[in-house]
>>> print(open('query_4.cif').read())   # mmCIF, C-alpha atoms
data_coords
loop_
_atom_site.group_PDB
_atom_site.id
_atom_site.type_symbol
_atom_site.label_atom_id
_atom_site.label_comp_id
_atom_site.auth_asym_id
_atom_site.auth_seq_id
_atom_site.Cartn_x
_atom_site.Cartn_y
_atom_site.Cartn_z
ATOM 1 C CA GLN D 1 151.048 186.889 61.252
ATOM 2 C CA LEU D 2 151.543 183.172 60.961
ATOM 3 C CA ARG D 3 154.678 181.992 59.281
ATOM 4 C CA LEU D 4 156.866 178.930 59.075
ATOM 5 C CA VAL D 5 160.333 178.700 60.569
ATOM 6 C CA GLU D 6 163.083 176.718 58.890
ATOM 7 C CA SER D 7 166.284 175.553 60.548
ATOM 8 C CA GLY D 8 169.146 173.151 59.986
ATOM 9 C CA GLY D 9 170.919 174.770 57.071
ATOM 10 C CA GLY D 10 174.666 175.275 56.998
ATOM 11 C CA LEU D 11 177.936 174.586 55.229
ATOM 12 C CA VAL D 12 178.688 170.996 54.310
ATOM 13 C CA GLN D 13 181.225 169.298 52.079
ATOM 14 C CA PRO D 14 180.170 167.445 48.925
ATOM 15 C CA GLY D 15 178.831 164.038 49.857
ATOM 16 C CA GLY D 16 177.757 165.278 53.275
ATOM 17 C CA SER D 17 174.339 165.435 54.904
ATOM 18 C CA LEU D 18 172.063 167.967 56.525
ATOM 19 C CA ARG D 19 168.632 167.742 58.122
ATOM 20 C CA LEU D 20 166.338 170.687 57.619
ATOM 21 C CA SER D 21 163.351 171.283 59.861
ATOM 22 C CA CYS D 22 160.153 173.247 59.380
ATOM 23 C CA THR D 23 157.803 174.269 62.146
ATOM 24 C CA SER D 24 155.162 176.913 62.785
ATOM 25 C CA SER D 25 155.814 180.222 64.511
ATOM 26 C CA ASP D 26 152.643 179.598 66.560
ATOM 27 C CA TRP D 27 151.734 176.011 67.352
ATOM 28 C CA ASN D 28 148.377 176.986 68.812
ATOM 29 C CA ASP D 29 147.147 178.737 65.685
ATOM 30 C CA MET D 30 148.822 176.599 63.057
ATOM 31 C CA ASN D 31 149.264 172.894 63.633
ATOM 32 C CA LEU D 32 151.476 171.675 60.789
ATOM 33 C CA ASN D 33 149.994 168.204 61.124
ATOM 34 C CA HIS D 34 146.916 169.594 59.361
ATOM 35 C CA TYR D 35 148.842 170.926 56.363
ATOM 36 C CA THR D 36 150.608 169.544 53.341
ATOM 37 C CA ILE D 37 154.193 170.792 53.546
ATOM 38 C CA GLY D 38 156.531 171.419 50.646
ATOM 39 C CA TRP D 39 160.203 172.301 50.420
ATOM 40 C CA PHE D 40 161.326 174.662 47.662
ATOM 41 C CA ARG D 41 164.537 176.261 46.397
ATOM 42 C CA PRO D 42 165.267 178.986 43.833
ATOM 43 C CA VAL D 43 166.526 177.863 40.432
ATOM 44 C CA PRO D 44 167.601 179.785 37.298
ATOM 45 C CA ARG D 45 164.704 180.927 35.102
ATOM 46 C CA LYS D 46 162.177 179.962 37.762
ATOM 47 C CA GLU D 47 161.194 181.620 40.968
ATOM 48 C CA ARG D 48 161.454 178.411 42.944
ATOM 49 C CA GLU D 49 161.178 174.700 42.311
ATOM 50 C CA GLY D 50 159.700 172.125 44.605
ATOM 51 C CA VAL D 51 162.121 169.486 45.812
ATOM 52 C CA SER D 52 159.829 167.495 48.085
ATOM 53 C CA CYS D 53 156.430 167.528 49.745
ATOM 54 C CA ILE D 54 154.491 165.498 52.268
ATOM 55 C CA SER D 55 150.727 165.295 52.354
ATOM 56 C CA ASN D 56 148.559 165.747 55.429
ATOM 57 C CA GLY D 57 146.353 162.980 54.076
ATOM 58 C CA GLU D 58 146.636 159.945 51.848
ATOM 59 C CA ASP D 59 148.715 161.474 49.065
ATOM 60 C CA GLY D 60 152.024 160.478 50.647
ATOM 61 C CA THR D 61 155.282 162.097 49.604
ATOM 62 C CA LYS D 62 156.825 163.347 46.361
ATOM 63 C CA TYR D 63 160.354 164.207 45.244
ATOM 64 C CA GLU D 64 161.802 166.150 42.368
ATOM 65 C CA ASP D 65 163.712 163.889 39.966
ATOM 66 C CA THR D 66 167.210 165.219 40.699
ATOM 67 C CA VAL D 67 166.868 164.616 44.445
ATOM 68 C CA GLU D 68 165.035 161.287 44.338
ATOM 69 C CA GLY D 69 166.931 158.776 46.473
ATOM 70 C CA ARG D 70 169.013 161.435 48.237
ATOM 71 C CA LEU D 71 166.321 163.290 50.167
ATOM 72 C CA ASN D 72 163.793 161.964 52.629
ATOM 73 C CA ILE D 73 160.882 164.001 53.969
ATOM 74 C CA SER D 74 159.152 163.018 57.170
ATOM 75 C CA ARG D 75 156.729 164.370 59.720
ATOM 76 C CA ASP D 76 157.035 164.357 63.517
ATOM 77 C CA MET D 77 153.447 164.520 64.728
ATOM 78 C CA VAL D 78 154.379 165.174 68.347
ATOM 79 C CA SER D 79 156.541 168.213 67.694
ATOM 80 C CA GLN D 80 154.469 169.311 64.663
ATOM 81 C CA THR D 81 157.644 169.475 62.620
ATOM 82 C CA VAL D 82 158.504 168.388 59.093
ATOM 83 C CA HIS D 83 162.073 167.272 58.459
ATOM 84 C CA LEU D 84 163.973 167.065 55.196
ATOM 85 C CA GLN D 85 166.949 164.731 55.440
ATOM 86 C CA MET D 86 169.429 165.589 52.708
ATOM 87 C CA ASN D 87 172.170 163.076 51.887
ATOM 88 C CA ASN D 88 175.004 162.869 49.371
ATOM 89 C CA LEU D 89 174.807 166.599 48.778
ATOM 90 C CA THR D 90 176.414 168.217 45.747
ATOM 91 C CA ALA D 91 177.320 171.784 44.866
ATOM 92 C CA GLU D 92 174.146 171.934 42.755
ATOM 93 C CA ASP D 93 172.127 171.613 45.970
ATOM 94 C CA THR D 94 173.466 174.931 47.231
ATOM 95 C CA ALA D 95 170.475 177.229 47.717
ATOM 96 C CA VAL D 96 168.152 178.802 50.222
ATOM 97 C CA TYR D 97 165.527 176.204 51.112
ATOM 98 C CA TYR D 98 162.016 177.331 51.970
ATOM 99 C CA CYS D 99 159.177 175.349 53.475
ATOM 100 C CA ALA D 100 155.567 176.179 52.720
ATOM 101 C CA ALA D 101 152.149 174.952 53.812
ATOM 102 C CA ARG D 102 148.861 174.322 52.036
ATOM 103 C CA ARG D 103 145.595 173.021 53.514
ATOM 104 C CA PHE D 104 144.707 170.592 50.723
ATOM 105 C CA ASP D 105 145.917 167.032 51.099
ATOM 106 C CA VAL D 106 147.298 166.748 47.572
ATOM 107 C CA CYS D 107 151.088 166.939 47.547
ATOM 108 C CA VAL D 108 152.311 169.135 44.668
ATOM 109 C CA LEU D 109 155.772 170.369 43.716
ATOM 110 C CA TYR D 110 154.401 173.039 41.385
ATOM 111 C CA HIS D 111 151.683 175.675 41.644
ATOM 112 C CA LEU D 112 153.522 177.614 44.340
ATOM 113 C CA GLU D 113 150.563 179.991 44.536
ATOM 114 C CA GLU D 114 148.578 177.212 46.198
ATOM 115 C CA TYR D 115 150.890 177.247 49.201
ATOM 116 C CA GLU D 116 149.468 179.693 51.706
ATOM 117 C CA VAL D 117 152.173 180.197 54.308
ATOM 118 C CA TRP D 118 155.926 180.395 53.744
ATOM 119 C CA GLY D 119 159.049 180.576 55.856
ATOM 120 C CA GLN D 120 162.037 182.881 55.521
ATOM 121 C CA GLY D 121 164.347 180.141 54.302
ATOM 122 C CA THR D 122 167.512 178.459 55.515
ATOM 123 C CA GLN D 123 170.778 178.563 53.577
ATOM 124 C CA VAL D 124 172.395 175.306 52.459
ATOM 125 C CA THR D 125 175.914 175.620 51.077
ATOM 126 C CA VAL D 126 177.764 172.615 49.684
ATOM 127 C CA SER D 127 181.435 173.370 49.187
ATOM 128 C CA LEU D 128 184.927 172.116 49.970
#
>>> encode(input="query_4.cif", output="structure tokens")
Amino acid sequence: QLRLVESGGGLVQPGGSLRLSCTSSDWNDMNLNHYTIGWFRPVPRKEREGVSCISNGEDGTKYEDTVEGRLNISRDMVSQTVHLQMNNLTAEDTAVYYCAARRFDVCVLYHLEEYEVWGQGTQVTVSL
């Protein structure tokens, strides 16, 4: 069964940085370069919210308002990996971060049901 694999989470102090990575469990069967990739985290009263996404086409990138300017999503075409650089982290960023893939080239932070493949998540903890 195809799935995504996240890495890069950990414990960091407030103001610190982390870089999360998302890749496929099987590069031969699922080339992430052909998918729009989103990053999500659980929030109160919602299952998960989208924090960022990157299109596999012309739709570019999107960021949730509270992370705009602090996060940067990028794609490494050679390694078929999507990175999420997280800077100036705060305690409110503490969460399990999941990446997910959808075939359509429109980058969306909502409509989680449109993302077809998910990872198991990587824990980000921001604390002194």
>>> closest_residue(input="query_4.cif", among="D:Phe104, D:Tyr98, D:Tyr63, D:Tyr110", to="D:Thr36", atoms="only C-alpha atoms")
D:Phe104
>>> residues_around(input="query_4.cif", residues="stretch 42-51 of chain D", least_positions_apart="2", cutoff="8 Å", atoms="only C-alpha atoms", output="mmCIF file with C-alpha atoms, keeping the file's coordinate frame")
data_model
loop_
_atom_site.group_PDB
_atom_site.id
_atom_site.type_symbol
_atom_site.label_atom_id
_atom_site.label_comp_id
_atom_site.auth_asym_id
_atom_site.auth_seq_id
_atom_site.Cartn_x
_atom_site.Cartn_y
_atom_site.Cartn_z
ATOM 1 C CA GLY D 38 156.531 171.419 50.646
ATOM 2 C CA TRP D 39 160.203 172.301 50.420
ATOM 3 C CA PHE D 40 161.326 174.662 47.662
ATOM 4 C CA CYS D 53 156.430 167.528 49.745
ATOM 5 C CA TYR D 63 160.354 164.207 45.244
ATOM 6 C CA GLU D 64 161.802 166.150 42.368
ATOM 7 C CA VAL D 67 166.868 164.616 44.445
ATOM 8 C CA ALA D 95 170.475 177.229 47.717
ATOM 9 C CA VAL D 96 168.152 178.802 50.222
ATOM 10 C CA TYR D 97 165.527 176.204 51.112
ATOM 11 C CA VAL D 108 152.311 169.135 44.668
ATOM 12 C CA LEU D 109 155.772 170.369 43.716
ATOM 13 C CA TYR D 110 154.401 173.039 41.385
#
>>> resolve_selection(input="query_4.cif", expression="the PyMOL selection byres ((chain D and resi 7) around 9)", output="PDB file with C-alpha atoms, in the coordinates of the input")
ATOM      1  CA  VAL D   5     160.333 178.700  60.569  1.00  0.00           C
ATOM      2  CA  GLU D   6     163.083 176.718  58.890  1.00  0.00           C
ATOM      3  CA  GLY D   8     169.146 173.151  59.986  1.00  0.00           C
ATOM      4  CA  GLY D   9     170.919 174.770  57.071  1.00  0.00           C
ATOM      5  CA  ARG D  19     168.632 167.742  58.122  1.00  0.00           C
ATOM      6  CA  LEU D  20     166.338 170.687  57.619  1.00  0.00           C
ATOM      7  CA  SER D  21     163.351 171.283  59.861  1.00  0.00           C
ATOM      8  CA  CYS D  22     160.153 173.247  59.380  1.00  0.00           C
ATOM      9  CA  THR D  23     157.803 174.269  62.146  1.00  0.00           C
ATOM     10  CA  GLY D 121     164.347 180.141  54.302  1.00  0.00           C
ATOM     11  CA  THR D 122     167.512 178.459  55.515  1.00  0.00           C
ATOM     12  CA  GLN D 123     170.778 178.563  53.577  1.00  0.00           C
TER      13      GLN D 123
END
>>> residues_around(input="query_4.cif", residues="stretch 79-91 of chain D", least_positions_apart="2", cutoff="9 Å", atoms="all atoms listed in the file", output="PyMOL selection string")
chain D and resi 12-24+27+31-33+37+39+52+54+67+69-77+93-94+99+125-127
>>> atom_distance(input="query_4.cif", atom1="atom CA of D:Lys62", atom2="atom CA of D:Gln120")
22.2 Å
>>> resolve_selection(input="query_4.cif", expression="the PyMOL selection byres ((chain D and resi 106) around 9)", output="mmCIF file with C-alpha atoms, in the frame of the given file")
data_model
loop_
_atom_site.group_PDB
_atom_site.id
_atom_site.type_symbol
_atom_site.label_atom_id
_atom_site.label_comp_id
_atom_site.auth_asym_id
_atom_site.auth_seq_id
_atom_site.Cartn_x
_atom_site.Cartn_y
_atom_site.Cartn_z
ATOM 1 C CA THR D 36 150.608 169.544 53.341
ATOM 2 C CA ILE D 54 154.491 165.498 52.268
ATOM 3 C CA SER D 55 150.727 165.295 52.354
ATOM 4 C CA ASN D 56 148.559 165.747 55.429
ATOM 5 C CA GLY D 57 146.353 162.980 54.076
ATOM 6 C CA GLU D 58 146.636 159.945 51.848
ATOM 7 C CA ASP D 59 148.715 161.474 49.065
ATOM 8 C CA GLY D 60 152.024 160.478 50.647
ATOM 9 C CA ARG D 102 148.861 174.322 52.036
ATOM 10 C CA ARG D 103 145.595 173.021 53.514
ATOM 11 C CA PHE D 104 144.707 170.592 50.723
ATOM 12 C CA ASP D 105 145.917 167.032 51.099
ATOM 13 C CA CYS D 107 151.088 166.939 47.547
ATOM 14 C CA VAL D 108 152.311 169.135 44.668
#
>>> build_atoms(input="query_4.cif", residues="stretch 85-98 of chain D", atoms="N, CA, C and O atoms", output="tab-separated table (two decimals), keeping the file's coordinate frame")
chain	number	residue	atom	x	y	z
D	85	GLN	N	165.61	165.30	55.34
D	85	GLN	CA	166.95	164.73	55.44
D	85	GLN	C	167.59	164.78	54.06
D	85	GLN	O	167.04	164.23	53.10
D	86	MET	N	168.75	165.41	53.98
D	86	MET	CA	169.43	165.59	52.71
D	86	MET	C	170.76	164.86	52.77
D	86	MET	O	171.62	165.20	53.59
D	87	ASN	N	170.96	163.88	51.90
D	87	ASN	CA	172.17	163.08	51.89
D	87	ASN	C	172.90	163.20	50.56
D	87	ASN	O	172.30	163.59	49.55
D	88	ASN	N	174.19	162.86	50.59
D	88	ASN	CA	175.00	162.87	49.37
D	88	ASN	C	174.85	164.19	48.63
D	88	ASN	O	174.58	164.22	47.42
D	89	LEU	N	175.02	165.27	49.34
D	89	LEU	CA	174.81	166.60	48.78
D	89	LEU	C	175.89	166.95	47.77
D	89	LEU	O	177.05	166.54	47.90
D	90	THR	N	175.49	167.73	46.77
D	90	THR	CA	176.41	168.22	45.75
D	90	THR	C	176.35	169.74	45.70
D	90	THR	O	175.44	170.36	46.27
D	91	ALA	N	177.30	170.32	44.99
D	91	ALA	CA	177.32	171.78	44.87
D	91	ALA	C	176.03	172.31	44.25
D	91	ALA	O	175.59	173.44	44.55
D	92	GLU	N	175.40	171.52	43.40
D	92	GLU	CA	174.15	171.93	42.76
D	92	GLU	C	172.99	172.04	43.75
D	92	GLU	O	171.95	172.61	43.42
D	93	ASP	N	173.16	171.50	44.94
D	93	ASP	CA	172.13	171.61	45.97
D	93	ASP	C	172.24	172.91	46.76
D	93	ASP	O	171.37	173.21	47.60
D	94	THR	N	173.30	173.67	46.53
D	94	THR	CA	173.47	174.93	47.23
D	94	THR	C	172.32	175.87	46.89
D	94	THR	O	172.06	176.16	45.73
D	95	ALA	N	171.63	176.35	47.92
D	95	ALA	CA	170.48	177.23	47.72
D	95	ALA	C	169.91	177.60	49.08
D	95	ALA	O	170.27	177.00	50.10
D	96	VAL	N	169.01	178.57	49.06
D	96	VAL	CA	168.15	178.80	50.22
D	96	VAL	C	166.94	177.89	50.08
D	96	VAL	O	166.30	177.86	49.03
D	97	TYR	N	166.64	177.15	51.13
D	97	TYR	CA	165.53	176.20	51.11
D	97	TYR	C	164.38	176.78	51.95
D	97	TYR	O	164.58	177.19	53.10
D	98	TYR	N	163.21	176.80	51.33
D	98	TYR	CA	162.02	177.33	51.97
D	98	TYR	C	161.00	176.22	52.18
D	98	TYR	O	160.82	175.36	51.31
